[in-house]
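What's in coords.tsv: TSV, C-alpha atoms (C1' of nucleotides)
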chain	number	residue	atom	x	y	z
A	1	MET	CA	-108.38	159.83	62.86
A	2	PRO	CA	-111.42	161.96	62.24
A	3	PHE	CA	-110.95	165.56	63.18
A	4	LEU	CA	-113.30	168.48	63.26
A	5	GLU	CA	-113.05	170.88	60.39
A	6	ASN	CA	-109.96	172.93	60.82
A	7	ILE	CA	-109.25	175.54	58.22
A	8	GLU	CA	-105.91	176.44	59.72
A	9	TYR	CA	-104.71	172.89	59.49
A	10	ASP	CA	-106.11	172.45	56.01
A	11	ASN	CA	-104.27	175.52	54.87
A	12	LEU	CA	-101.08	174.10	56.27
A	13	ILE	CA	-101.58	170.87	54.38
A	14	ASP	CA	-102.36	172.81	51.22
A	15	GLU	CA	-99.23	174.84	51.61
A	16	PHE	CA	-97.20	171.67	51.96
A	17	LYS	CA	-98.88	170.04	48.98
A	18	THR	CA	-98.10	173.06	46.88
A	19	VAL	CA	-94.45	172.86	47.77
A	20	LEU	CA	-94.42	169.17	47.02
A	21	LYS	CA	-96.12	169.56	43.67
A	22	LYS	CA	-93.75	172.34	42.69
A	23	ASN	CA	-90.86	169.93	43.23
A	24	SER	CA	-92.47	166.77	41.89
A	25	LEU	CA	-92.47	165.23	45.33
A	26	LYS	CA	-95.15	163.04	46.80
A	27	PHE	CA	-97.58	163.52	49.64
A	28	THR	CA	-97.01	160.44	51.76
A	29	LYS	CA	-98.59	159.09	54.90
A	30	GLN	CA	-95.37	159.78	56.82
A	31	ARG	CA	-95.09	163.36	55.65
A	32	GLU	CA	-98.69	163.93	56.62
A	33	THR	CA	-98.14	162.43	60.07
A	34	ILE	CA	-95.17	164.66	60.69
A	35	LEU	CA	-97.03	167.79	59.67
A	36	GLN	CA	-99.96	166.74	61.83
A	37	THR	CA	-97.68	166.26	64.80
A	38	LEU	CA	-96.09	169.63	64.20
A	39	TYR	CA	-99.56	171.11	64.21
A	40	ASN	CA	-100.99	169.22	67.16
A	41	PHE	CA	-98.03	169.68	69.45
A	42	PRO	CA	-97.03	173.30	69.46
A	43	GLY	CA	-93.57	173.64	70.83
A	44	HIS	CA	-89.99	173.15	69.86
A	45	PHE	CA	-88.73	169.64	69.31
A	46	LEU	CA	-85.55	167.86	68.47
A	47	PRO	CA	-85.77	165.29	65.65
A	48	GLU	CA	-85.47	162.53	68.24
A	49	GLU	CA	-88.34	164.03	70.21
A	50	PHE	CA	-90.55	164.06	67.11
A	51	TYR	CA	-89.65	160.47	66.53
A	52	LEU	CA	-90.80	159.44	70.00
A	53	LEU	CA	-93.85	161.69	69.89
A	54	ILE	CA	-94.97	160.14	66.64
A	55	LYS	CA	-94.33	156.59	67.81
A	56	GLU	CA	-96.36	157.26	70.91
A	57	ASN	CA	-99.28	158.88	69.15
A	58	ASN	CA	-99.32	156.71	66.05
A	59	PRO	CA	-98.42	153.26	67.30
A	60	LYS	CA	-99.27	151.74	63.94
A	61	SER	CA	-97.05	153.99	61.89
A	62	ASN	CA	-93.67	152.35	61.78
A	63	ILE	CA	-91.88	155.55	60.92
A	64	GLY	CA	-88.09	155.64	60.74
A	65	ILE	CA	-85.89	158.30	62.24
A	66	ALA	CA	-84.34	158.88	58.83
A	67	THR	CA	-87.72	159.93	57.50
A	68	ILE	CA	-88.10	162.38	60.35
A	69	TYR	CA	-84.78	163.97	59.48
A	70	ARG	CA	-85.52	164.01	55.77
A	71	THR	CA	-88.93	165.54	56.24
A	72	LEU	CA	-87.85	168.16	58.76
A	73	ASN	CA	-85.10	169.24	56.40
A	74	LEU	CA	-87.58	169.46	53.58
A	75	LEU	CA	-89.98	171.47	55.70
A	76	GLU	CA	-87.22	173.78	56.78
A	77	ASP	CA	-86.11	174.38	53.22
A	78	SER	CA	-89.68	175.21	52.32
A	79	ASP	CA	-90.02	177.62	55.24
A	80	ILE	CA	-92.90	175.66	56.67
A	81	VAL	CA	-90.83	174.99	59.71
A	82	THR	CA	-88.22	177.13	61.44
A	83	THR	CA	-85.39	176.09	63.67
A	84	ILE	CA	-83.77	177.45	66.74
A	85	SER	CA	-80.79	176.15	68.59
A	86	PHE	CA	-79.09	176.92	71.80
A	87	GLY	CA	-76.53	175.61	74.24
A	88	LYS	CA	-75.96	171.90	74.53
A	89	ASN	CA	-79.08	171.04	72.60
A	90	GLY	CA	-79.17	170.55	68.89
A	91	LYS	CA	-81.51	172.26	66.46
A	92	LYS	CA	-85.15	172.41	67.51
A	93	TYR	CA	-88.00	172.60	65.02
A	94	GLU	CA	-91.31	174.38	65.18
A	95	LEU	CA	-94.07	175.32	62.80
A	96	ALA	CA	-93.27	178.64	61.14
A	97	ASN	CA	-96.78	179.59	60.37
A	98	LYS	CA	-97.89	180.36	63.88
A	99	PRO	CA	-99.01	183.84	64.80
A	100	HIS	CA	-95.85	185.77	65.29
A	101	HIS	CA	-93.98	185.43	68.54
A	102	ASP	CA	-90.49	185.76	69.92
A	103	HIS	CA	-88.51	183.55	72.25
A	104	ILE	CA	-87.00	183.54	75.70
A	105	ILE	CA	-84.43	180.80	75.96
A	106	CYS	CA	-82.78	179.31	79.03
A	107	LYS	CA	-79.06	179.06	78.45
A	108	ASN	CA	-78.80	176.33	81.02
A	109	CYS	CA	-81.50	173.82	80.14
A	110	GLY	CA	-82.64	174.97	76.73
A	111	LEU	CA	-86.22	175.68	77.81
A	112	ILE	CA	-87.96	177.93	75.31
A	113	LEU	CA	-90.85	180.23	76.17
A	114	GLU	CA	-92.76	182.30	73.67
A	115	PHE	CA	-93.93	185.85	74.01
A	116	GLU	CA	-95.32	188.70	72.01
A	117	ASP	CA	-95.03	192.38	72.71
A	118	LYS	CA	-96.91	194.92	70.64
A	119	ASN	CA	-94.92	197.70	72.21
A	120	ILE	CA	-91.62	196.36	70.98
A	121	GLU	CA	-93.06	195.57	67.58
A	122	LYS	CA	-94.22	199.13	67.17
A	123	ARG	CA	-90.83	200.40	68.24
A	124	GLN	CA	-89.14	198.14	65.72
A	125	ASN	CA	-91.30	199.56	63.02
A	126	ASP	CA	-90.37	203.08	64.01
A	127	ILE	CA	-86.68	202.20	63.89
A	128	ALA	CA	-87.06	200.63	60.48
A	129	LEU	CA	-88.96	203.64	59.18
A	130	LYS	CA	-86.36	206.01	60.51
A	131	ASN	CA	-83.81	204.10	58.47
A	132	GLY	CA	-86.03	204.07	55.41
A	133	PHE	CA	-86.62	200.31	55.54
A	134	ILE	CA	-89.86	198.54	54.78
A	135	LEU	CA	-89.99	195.87	57.44
A	136	THR	CA	-91.05	192.35	56.57
A	137	ASN	CA	-90.23	190.33	59.65
A	138	HIS	CA	-87.86	189.97	62.54
A	139	ILE	CA	-86.14	187.62	64.90
A	140	MET	CA	-85.84	188.35	68.57
A	141	GLN	CA	-84.44	185.95	71.11
A	142	LEU	CA	-83.80	186.75	74.73
A	143	TYR	CA	-81.25	184.57	76.50
A	144	GLY	CA	-81.05	184.01	80.21
A	145	ILE	CA	-81.58	181.57	83.05
A	146	CYS	CA	-85.03	180.20	83.78
A	147	PRO	CA	-86.46	180.11	87.32
A	148	GLN	CA	-85.93	176.35	87.73
A	149	CYS	CA	-82.29	176.56	86.74
A	150	GLN	CA	-81.74	179.56	88.98
A	151	LYS	CA	-82.77	177.40	91.91
A	152	LYS	CA	-80.63	174.48	90.80
A	153	LEU	CA	-77.60	176.65	90.19
A	154	ASN	CA	-77.95	178.39	93.55
A	155	LYS	CA	-78.01	175.06	95.36
A	156	LYS	CA	-74.88	173.90	93.59
A	157	GLU	CA	-72.94	176.93	94.68
A	158	ILE	CA	-73.55	176.31	98.39
B	1	MET	CA	-45.58	187.21	69.54
B	2	PRO	CA	-45.16	190.86	70.38
B	3	PHE	CA	-48.28	192.92	69.93
B	4	LEU	CA	-49.00	196.56	70.42
B	5	GLU	CA	-50.63	197.45	73.67
B	6	ASN	CA	-54.25	196.52	73.51
B	7	ILE	CA	-56.31	197.23	76.53
B	8	GLU	CA	-59.40	195.60	75.11
B	9	TYR	CA	-57.56	192.37	74.53
B	10	ASP	CA	-55.85	192.53	77.89
B	11	ASN	CA	-59.20	192.93	79.58
B	12	LEU	CA	-60.45	189.89	77.75
B	13	ILE	CA	-57.48	187.87	78.96
B	14	ASP	CA	-58.00	189.14	82.48
B	15	GLU	CA	-61.63	188.17	82.37
B	16	PHE	CA	-60.67	184.69	81.29
B	17	LYS	CA	-57.97	184.38	83.94
B	18	THR	CA	-60.47	185.40	86.58
B	19	VAL	CA	-62.85	182.68	85.49
B	20	LEU	CA	-60.02	180.17	85.49
B	21	LYS	CA	-58.79	181.13	88.91
B	22	LYS	CA	-62.28	180.98	90.32
B	23	ASN	CA	-62.50	177.37	89.20
B	24	SER	CA	-58.92	176.33	89.91
B	25	LEU	CA	-58.22	175.92	86.24
B	26	LYS	CA	-55.02	176.77	84.46
B	27	PHE	CA	-54.12	179.35	81.88
B	28	THR	CA	-52.50	177.30	79.17
B	29	LYS	CA	-50.87	178.15	75.88
B	30	GLN	CA	-53.77	176.51	74.04
B	31	ARG	CA	-56.43	178.41	75.89
B	32	GLU	CA	-54.59	181.62	75.21
B	33	THR	CA	-54.29	180.86	71.51
B	34	ILE	CA	-57.98	180.17	71.25
B	35	LEU	CA	-58.93	183.39	72.97
B	36	GLN	CA	-56.49	185.27	70.78
B	37	THR	CA	-58.04	183.78	67.68
B	38	LEU	CA	-61.49	184.65	68.90
B	39	TYR	CA	-60.29	188.21	69.35
B	40	ASN	CA	-58.35	188.57	66.12
B	41	PHE	CA	-60.98	187.06	63.87
B	42	PRO	CA	-64.33	188.65	64.56
B	43	GLY	CA	-67.08	186.54	63.16
B	44	HIS	CA	-68.94	183.33	63.81
B	45	PHE	CA	-67.05	180.07	63.58
B	46	LEU	CA	-67.72	176.39	63.89
B	47	PRO	CA	-65.35	174.41	66.13
B	48	GLU	CA	-63.82	172.87	63.04
B	49	GLU	CA	-63.26	176.32	61.56
B	50	PHE	CA	-61.43	177.44	64.68
B	51	TYR	CA	-59.30	174.37	64.47
B	52	LEU	CA	-58.22	175.15	60.92
B	53	LEU	CA	-57.84	178.86	61.60
B	54	ILE	CA	-55.54	178.15	64.51
B	55	LYS	CA	-53.51	175.58	62.62
B	56	GLU	CA	-53.04	178.08	59.82
B	57	ASN	CA	-52.06	180.99	62.01
B	58	ASN	CA	-50.06	179.09	64.58
B	59	PRO	CA	-48.28	176.41	62.58
B	60	LYS	CA	-46.16	175.49	65.59
B	61	SER	CA	-49.03	174.92	67.97
B	62	ASN	CA	-50.05	171.33	67.60
B	63	ILE	CA	-53.50	171.89	69.01
B	64	GLY	CA	-56.06	169.09	69.04
B	65	ILE	CA	-59.67	169.41	68.03
B	66	ALA	CA	-60.68	168.04	71.43
B	67	THR	CA	-59.04	171.01	73.08
B	68	ILE	CA	-60.97	173.35	70.83
B	69	TYR	CA	-64.23	171.74	71.86
B	70	ARG	CA	-63.30	171.69	75.52
B	71	THR	CA	-62.22	175.32	75.51
B	72	LEU	CA	-65.19	176.60	73.54
B	73	ASN	CA	-67.52	174.84	75.94
B	74	LEU	CA	-65.68	176.36	78.85
B	75	LEU	CA	-65.82	179.82	77.29
B	76	GLU	CA	-69.49	179.42	76.56
B	77	ASP	CA	-70.25	178.37	80.11
B	78	SER	CA	-68.36	181.41	81.34
B	79	ASP	CA	-70.26	183.70	78.97
B	80	ILE	CA	-67.06	184.85	77.31
B	81	VAL	CA	-68.32	183.39	74.12
B	82	THR	CA	-71.84	183.11	72.76
B	83	THR	CA	-73.24	180.73	70.22
B	84	ILE	CA	-75.75	181.03	67.47
B	85	SER	CA	-76.88	178.73	64.76
B	86	PHE	CA	-78.18	179.82	61.35
B	87	GLY	CA	-79.97	177.38	59.06
B	88	LYS	CA	-78.07	174.29	58.01
B	89	ASN	CA	-74.97	175.13	59.99
B	90	GLY	CA	-74.28	173.83	63.43
B	91	LYS	CA	-73.50	175.98	66.41
B	92	LYS	CA	-71.19	178.89	65.74
B	93	TYR	CA	-69.12	180.64	68.35
B	94	GLU	CA	-68.25	184.29	68.70
B	95	LEU	CA	-66.84	186.58	71.34
B	96	ALA	CA	-69.62	187.80	73.59
B	97	ASN	CA	-67.89	190.88	74.84
B	98	LYS	CA	-68.41	193.12	71.82
B	99	PRO	CA	-70.32	196.33	72.37
B	100	HIS	CA	-73.94	195.39	72.03
B	101	HIS	CA	-75.94	196.26	68.96
B	102	ASP	CA	-78.79	194.87	66.92
B	103	HIS	CA	-79.22	194.62	63.19
B	104	ILE	CA	-81.50	195.75	60.39
B	105	ILE	CA	-80.88	193.58	57.38
B	106	CYS	CA	-81.97	194.12	53.78
B	107	LYS	CA	-83.37	190.90	52.39
B	108	ASN	CA	-82.59	192.05	48.89
B	109	CYS	CA	-79.01	193.29	48.94
B	110	GLY	CA	-77.81	192.10	52.33
B	111	LEU	CA	-77.04	195.56	53.63
B	112	ILE	CA	-76.69	195.52	57.40
B	113	LEU	CA	-77.29	198.53	59.60
B	114	GLU	CA	-76.69	198.51	63.32
B	115	PHE	CA	-78.86	200.14	65.90
B	116	GLU	CA	-79.46	200.27	69.59
B	117	ASP	CA	-82.68	201.12	71.37
B	118	LYS	CA	-82.76	201.57	75.11
B	119	ASN	CA	-86.51	201.55	75.05
B	120	ILE	CA	-86.70	198.05	73.58
B	121	GLU	CA	-83.95	196.81	75.85
B	122	LYS	CA	-85.85	197.93	78.89
B	123	ARG	CA	-88.97	196.29	77.62
B	124	GLN	CA	-87.08	193.06	77.02
B	125	ASN	CA	-85.91	193.12	80.58
B	126	ASP	CA	-89.44	193.57	81.82
B	127	ILE	CA	-90.62	190.63	79.78
B	128	ALA	CA	-87.83	188.43	81.08
B	129	LEU	CA	-88.56	189.43	84.64
B	130	LYS	CA	-92.25	188.70	84.19
B	131	ASN	CA	-91.27	185.18	83.20
B	132	GLY	CA	-88.85	184.81	86.07
B	133	PHE	CA	-85.79	184.78	83.83
B	134	ILE	CA	-82.48	186.44	84.56
B	135	LEU	CA	-81.55	187.94	81.23
B	136	THR	CA	-77.99	187.73	79.98
B	137	ASN	CA	-78.18	188.82	76.38
B	138	HIS	CA	-80.34	188.86	73.30
B	139	ILE	CA	-80.44	188.73	69.56
B	140	MET	CA	-82.65	191.00	67.52
B	141	GLN	CA	-82.63	191.21	63.79
B	142	LEU	CA	-85.10	193.20	61.70
B	143	TYR	CA	-85.53	192.09	58.12
B	144	GLY	CA	-86.85	194.25	55.33
B	145	ILE	CA	-86.03	196.18	52.19
B	146	CYS	CA	-83.60	199.07	52.29
B	147	PRO	CA	-84.35	202.43	50.59
B	148	GLN	CA	-82.02	201.78	47.64
B	149	CYS	CA	-83.58	198.45	46.88
B	150	GLN	CA	-87.07	199.86	47.22
B	151	LYS	CA	-86.25	202.22	44.34
B	152	LYS	CA	-84.68	199.48	42.25
B	153	LEU	CA	-87.57	197.11	42.81
B	154	ASN	CA	-90.14	199.76	41.96
B	155	LYS	CA	-88.47	200.45	38.62
B	156	LYS	CA	-88.46	196.78	37.75
B	157	GLU	CA	-92.16	196.52	38.24
B	158	ILE	CA	-92.97	199.24	35.73
C	1	DC	C1'	-95.82	151.59	35.35
C	2	DT	C1'	-92.57	155.28	36.37
C	3	DT	C1'	-90.92	157.98	39.84
C	4	DC	C1'	-90.24	158.96	44.36
C	5	DG	C1'	-90.19	157.67	49.42
C	6	DT	C1'	-89.42	154.47	53.05
C	7	DG	C1'	-87.20	151.64	56.59
C	8	DC	C1'	-83.22	149.57	57.61
C	9	DA	C1'	-78.51	149.22	58.43
C	10	DA	C1'	-74.27	151.06	57.40
C	11	DA	C1'	-71.54	155.19	56.91
C	12	DA	C1'	-70.28	159.76	57.81
C	13	DA	C1'	-70.05	163.66	60.66
C	14	DC	C1'	-69.76	165.65	64.93
C	15	DT	C1'	-68.65	165.73	69.93
C	16	DT	C1'	-67.08	163.77	74.21
C	17	DT	C1'	-64.15	160.83	77.04
C	18	DG	C1'	-60.24	157.87	79.02
C	19	DC	C1'	-55.57	157.82	79.50
C	20	DA	C1'	-50.52	158.48	79.85
C	21	DA	C1'	-47.44	162.16	79.27
C	22	DA	C1'	-46.69	167.10	79.66
C	23	DT	C1'	-47.56	171.51	81.67
C	24	DT	C1'	-49.02	174.83	85.16
C	25	DG	C1'	-49.31	177.00	89.70
D	1	DC	C1'	-44.80	168.26	93.49
D	2	DA	C1'	-49.75	167.97	93.18
D	3	DA	C1'	-53.28	169.01	90.20
D	4	DT	C1'	-54.88	170.09	85.80
D	5	DT	C1'	-54.55	169.88	80.72
D	6	DT	C1'	-53.24	168.02	76.46
D	7	DG	C1'	-53.20	165.18	72.22
D	8	DC	C1'	-54.46	161.05	70.69
D	9	DA	C1'	-57.44	157.46	69.72
D	10	DA	C1'	-61.45	155.28	70.98
D	11	DA	C1'	-66.25	155.66	72.16
D	12	DG	C1'	-70.56	158.14	71.98
D	13	DT	C1'	-73.97	160.79	69.49
D	14	DT	C1'	-76.28	162.69	65.82
D	15	DT	C1'	-77.34	162.98	61.00
D	16	DT	C1'	-77.04	161.37	56.30
D	17	DT	C1'	-76.91	157.88	52.71
D	18	DG	C1'	-77.34	153.53	49.77
D	19	DC	C1'	-80.37	150.19	48.64
D	20	DA	C1'	-84.22	147.05	47.73
D	21	DC	C1'	-88.96	147.12	48.38
D	22	DG	C1'	-93.35	149.60	48.67
D	23	DA	C1'	-96.40	153.53	47.69
D	24	DA	C1'	-98.03	157.55	45.11
D	25	DG	C1'	-99.23	159.97	40.98
Output the file's structure as structure tokens, nothing else.
Amino acid sequence: MPFLENIEYDNLIDEFKTVLKKNSLKFTKQRETILQTLYNFPGHFLPEEFYLLIKENNPKSNIGIATIYRTLNLLEDSDIVTTISFGKNGKKYELANKPHHDHIICKNCGLILEFEDKNIEKRQNDIALKNGFILTNHIMQLYGICPQCQKKLNKKEI
Amino acid sequence: MPFLENIEYDNLIDEFKTVLKKNSLKFTKQRETILQTLYNFPGHFLPEEFYLLIKENNPKSNIGIATIYRTLNLLEDSDIVTTISFGKNGKKYELANKPHHDHIICKNCGLILEFEDKNIEKRQNDIALKNGFILTNHIMQLYGICPQCQKKLNKKEI
DNA sequence: CTTCGTGCAAAAACTTTGCAAATTG
DNA sequence: CAATTTGCAAAGTTTTTGCACGAAG
């Protein structure tokens, strides 16, 4: 598929190729498709969901679920992808290289929203400074019940 | 087993009994053992690890892995236990009821400091509200380099 | 052309479920 | 006693692996 120029995406591919080269691994059609999907569909997906997403969007590619698992693991090990997991759901994968954001996660259905808050980030920096740390990054996840599930759960209790 | 008085533990048991009563469930030997283990071994454990831990510490109790899974799920649903999953590992369980704190972690030496910041907590609540979530808890970890390691690393670079 | 990757199917690992017997309230 | 729970084994799920063929460097 022809795409417009996209430096961000090209950088991502370059990053991946560098990792591959460093480990004498090969840049295959499947690995490219997976990275492309990761890039084109921002969000958090289970391996199975990637599998279906890729089948749907690349009908020709006869990709196997095993390849999805192998590639996601590779991408996770290389820090190109990060994972998050909560409640009943398994581990969900997302591109690591996105502008920084934190997560709000529904404990009931696993819905994940993203947010960013400069105020908190500044405060975190202050706390780190006060403790003499040089901060490099952070993880912040808020857990709760999303609006939809609040409704559902209320109904059940009647 | 006779234990010293332990209000904290008793409260935990009471909390559990309340949940059980509310749902017409029963307080069994196995459920007690699991809660006791959760209390006596602070840390994050996989279901399998609980199973082994309990077998080791309660040789008489012939507890089944299915009961571990069933009870952990129950405890998670009741918010007595929370789960988290780091990297390769699956979901790990820990007691939720510990006094809340967040962490600053040194990426170099692993030093962990704890902190608490009302300001950030309030802000987190606001963010959750804005998204319609009812917040139950959160995880916040700041990663960086601690003062000691900063010195060490500077020397190395000379 | 050598090495690595892939899909497939089988295996392993992990989690849930059905059931008869045991335990709890 | 009635209702729930348990351990066990079987059934589901999810993830990994072995292998022969195909693709990449």
Closest atom pairs, chain A residues within 9 Å of chain D, only C-alpha atoms (C1' of nucleotides), as CSV:
residue,atom,partner,partner_atom,distance
A:Lys26,CA,D:DA24,C1',6.4
A:Phe27,CA,D:DA24,C1',7.5
A:Thr28,CA,D:DA24,C1',7.3
A:Ala66,CA,D:DT16,C1',8.1
A:Tyr69,CA,D:DT15,C1',7.7
A:Arg70,CA,D:DT16,C1',8.9
A:Gly90,CA,D:DT14,C1',8.9
Compute the set of chain A residues within 9 Å of chain C, using all atoms listed in the file, and express it as a PyMOL selection string. chain A and resi 24-26+28+30+62-67
All in-order C-alpha pairs, least squares, chain A moved onto chain B. Output the fitted coordinates as a compact mmCIF listing (two decimals) with C-alpha atoms, in the coordinates of the input, please.
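Output saved as result_29.txt:
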# COMPACT_ATOMS: atom_id res chain seq x y z
CA MET A 1 -46.62 189.20 69.47
CA PRO A 2 -46.10 192.12 71.79
CA PHE A 3 -49.21 194.12 72.40
CA LEU A 4 -49.84 197.32 74.26
CA GLU A 5 -51.33 196.97 77.69
CA ASN A 6 -54.94 196.08 77.32
CA ILE A 7 -56.93 195.65 80.48
CA GLU A 8 -60.02 194.53 78.63
CA TYR A 9 -58.15 191.73 76.95
CA ASP A 10 -56.37 190.77 80.14
CA ASN A 11 -59.67 190.51 81.92
CA LEU A 12 -60.93 188.24 79.20
CA ILE A 13 -57.92 185.98 79.57
CA ASP A 14 -58.35 185.97 83.33
CA GLU A 15 -61.97 185.03 82.98
CA PHE A 16 -61.01 182.14 80.74
CA LYS A 17 -58.24 181.00 83.06
CA THR A 18 -60.66 180.98 85.94
CA VAL A 19 -63.05 178.77 84.06
CA LEU A 20 -60.22 176.47 83.10
CA LYS A 21 -58.88 176.20 86.62
CA LYS A 22 -62.34 175.50 87.98
CA ASN A 23 -62.54 172.50 85.66
CA SER A 24 -58.94 171.33 85.90
CA LEU A 25 -58.33 172.23 82.29
CA LYS A 26 -55.18 173.69 80.85
CA PHE A 27 -54.38 177.04 79.31
CA THR A 28 -52.81 176.09 76.01
CA LYS A 29 -51.26 178.05 73.19
CA GLN A 30 -54.18 177.10 70.93
CA ARG A 31 -56.83 178.18 73.39
CA GLU A 32 -55.04 181.47 73.83
CA THR A 33 -54.82 182.01 70.07
CA ILE A 34 -58.52 181.40 69.66
CA LEU A 35 -59.45 183.81 72.42
CA GLN A 36 -57.09 186.38 70.95
CA THR A 37 -58.69 186.01 67.55
CA LEU A 38 -62.13 186.34 69.06
CA TYR A 39 -60.94 189.54 70.68
CA ASN A 40 -59.07 191.02 67.75
CA PHE A 41 -61.70 190.32 65.14
CA PRO A 42 -65.03 191.50 66.41
CA GLY A 43 -67.77 189.93 64.40
CA HIS A 44 -69.60 186.69 64.01
CA PHE A 45 -67.75 183.72 62.60
CA LEU A 46 -68.40 180.17 61.65
CA PRO A 47 -65.92 177.60 63.02
CA GLU A 48 -64.48 177.24 59.52
CA GLU A 49 -64.00 180.99 59.30
CA PHE A 50 -62.10 181.02 62.59
CA TYR A 51 -59.95 178.25 61.29
CA LEU A 52 -58.97 180.23 58.20
CA LEU A 53 -58.61 183.47 60.13
CA ILE A 54 -56.23 181.85 62.56
CA LYS A 55 -54.21 180.14 59.84
CA GLU A 56 -53.85 183.44 58.06
CA ASN A 57 -52.86 185.45 61.09
CA ASN A 58 -50.75 182.82 62.82
CA PRO A 59 -48.99 181.03 60.01
CA LYS A 60 -46.79 179.18 62.47
CA SER A 61 -49.59 177.78 64.56
CA ASN A 62 -50.58 174.51 62.99
CA ILE A 63 -53.98 174.49 64.60
CA GLY A 64 -56.51 171.80 63.71
CA ILE A 65 -60.15 172.38 62.95
CA ALA A 66 -61.07 169.92 65.68
CA THR A 67 -59.42 172.17 68.23
CA ILE A 68 -61.42 175.11 66.96
CA TYR A 69 -64.64 173.18 67.45
CA ARG A 70 -63.61 171.89 70.85
CA THR A 71 -62.57 175.30 72.08
CA LEU A 72 -65.61 177.14 70.75
CA ASN A 73 -67.84 174.61 72.45
CA LEU A 74 -65.94 175.07 75.66
CA LEU A 75 -66.18 178.83 75.40
CA GLU A 76 -69.86 178.63 74.69
CA ASP A 77 -70.48 176.41 77.68
CA SER A 78 -68.62 178.89 79.82
CA ASP A 79 -70.62 181.82 78.46
CA ILE A 80 -67.51 183.52 77.21
CA VAL A 81 -68.84 183.23 73.73
CA THR A 82 -72.40 183.36 72.43
CA THR A 83 -73.84 181.95 69.27
CA ILE A 84 -76.38 183.03 66.77
CA SER A 85 -77.66 181.19 63.77
CA PHE A 86 -79.84 181.98 60.88
CA GLY A 87 -80.93 180.72 57.49
CA LYS A 88 -78.61 178.54 55.48
CA ASN A 89 -75.63 179.33 57.65
CA GLY A 90 -74.63 177.31 60.64
CA LYS A 91 -73.99 178.63 64.12
CA LYS A 92 -71.87 181.77 64.32
CA TYR A 93 -69.75 182.63 67.35
CA GLU A 94 -68.92 185.95 68.92
CA LEU A 95 -67.44 187.19 72.15
CA ALA A 96 -70.16 187.53 74.77
CA ASN A 97 -68.44 190.09 76.84
CA LYS A 98 -68.82 193.00 74.48
CA PRO A 99 -70.80 196.04 75.52
CA HIS A 100 -74.37 195.07 75.03
CA HIS A 101 -75.85 195.19 71.57
CA ASP A 102 -78.60 193.60 69.54
CA HIS A 103 -78.63 192.22 66.03
CA ILE A 104 -80.14 192.86 62.64
CA ILE A 105 -79.85 189.78 60.51
CA CYS A 106 -80.30 189.37 56.77
CA LYS A 107 -82.47 186.35 56.10
CA ASN A 108 -81.02 186.02 52.65
CA CYS A 109 -77.26 186.18 53.08
CA GLY A 110 -76.83 185.89 56.82
CA LEU A 111 -75.18 189.29 57.22
CA ILE A 112 -75.31 190.44 60.83
CA LEU A 113 -75.24 194.07 61.90
CA GLU A 114 -75.13 195.25 65.48
CA PHE A 115 -77.04 198.07 67.06
CA GLU A 116 -77.92 199.53 70.39
CA ASP A 117 -80.94 201.58 71.30
CA LYS A 118 -81.26 203.19 74.70
CA ASN A 119 -84.86 204.01 73.99
CA ILE A 120 -85.85 200.40 73.53
CA GLU A 121 -83.80 199.32 76.51
CA LYS A 122 -85.60 201.78 78.73
CA ARG A 123 -88.93 200.59 77.40
CA GLN A 124 -87.98 197.00 78.10
CA ASN A 125 -87.19 197.91 81.64
CA ASP A 126 -90.55 199.57 82.04
CA ILE A 127 -92.31 196.48 80.72
CA ALA A 128 -90.37 194.25 83.07
CA LEU A 129 -91.15 196.49 86.02
CA LYS A 130 -94.81 196.56 85.17
CA ASN A 131 -94.76 192.78 85.36
CA GLY A 132 -92.80 192.81 88.60
CA PHE A 133 -89.66 191.34 87.03
CA ILE A 134 -86.11 192.31 87.84
CA LEU A 135 -84.46 192.33 84.45
CA THR A 136 -81.03 190.82 83.97
CA ASN A 137 -80.56 190.72 80.23
CA HIS A 138 -82.29 190.30 76.93
CA ILE A 139 -82.05 189.05 73.41
CA MET A 140 -83.35 191.03 70.49
CA GLN A 141 -82.89 190.06 66.88
CA LEU A 142 -84.46 191.81 63.95
CA TYR A 143 -84.80 189.77 60.77
CA GLY A 144 -85.09 191.17 57.29
CA ILE A 145 -83.38 191.68 53.96
CA CYS A 146 -80.22 193.74 53.72
CA PRO A 147 -79.76 196.44 51.06
CA GLN A 148 -77.40 194.33 48.94
CA CYS A 149 -79.79 191.40 48.84
CA GLN A 150 -82.71 193.68 48.06
CA LYS A 151 -80.89 194.72 44.91
CA LYS A 152 -79.97 191.17 43.99
CA LEU A 153 -83.46 189.87 44.59
CA ASN A 154 -85.04 192.67 42.57
CA LYS A 155 -82.82 191.88 39.60
CA LYS A 156 -83.74 188.22 39.72
CA GLU A 157 -87.42 188.97 39.55
CA ILE A 158 -87.14 190.91 36.27
Kindly determine which residues of chain A lie within 10 Å of chain B, considering all atoms listed in the file, and give the answer as a PyMOL selection string. chain A and resi 73+76-77+82-91+102-108+113+115-117+119-125+127-129+131-150
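Within the 12 Å cut-off around B:Leu12, using all atoms listed in the file and omitting residues fewer than 4 positions from it on the same chain, the listed residues are Asn6, Ile7, Glu8, Phe16, Lys17, Thr18, Val19, Glu32, Ile34, Leu35, Gln36, Leu38, Tyr39, Asn40, Leu75, Asp79, Ile80, Val81, Leu95, Ala96, Asn97 and Lys98 of chain B.
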May I ask for the distance between atom CA of A:Glu94 and atom CA of B:His44, given in Å to one decimal place?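 Distance reported for this atom pair: 24.1 Å.
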As lines of an AutoDock Vina configuration file: centre and edge lengths in Å, one decimal, of the axis-aligned box holding stretch 72-81 of chain A with 6 Å per side:
center_x = -89.0
center_y = 172.9
center_z = 56.0
size_x = 19.8
size_y = 21.5
size_z = 19.4
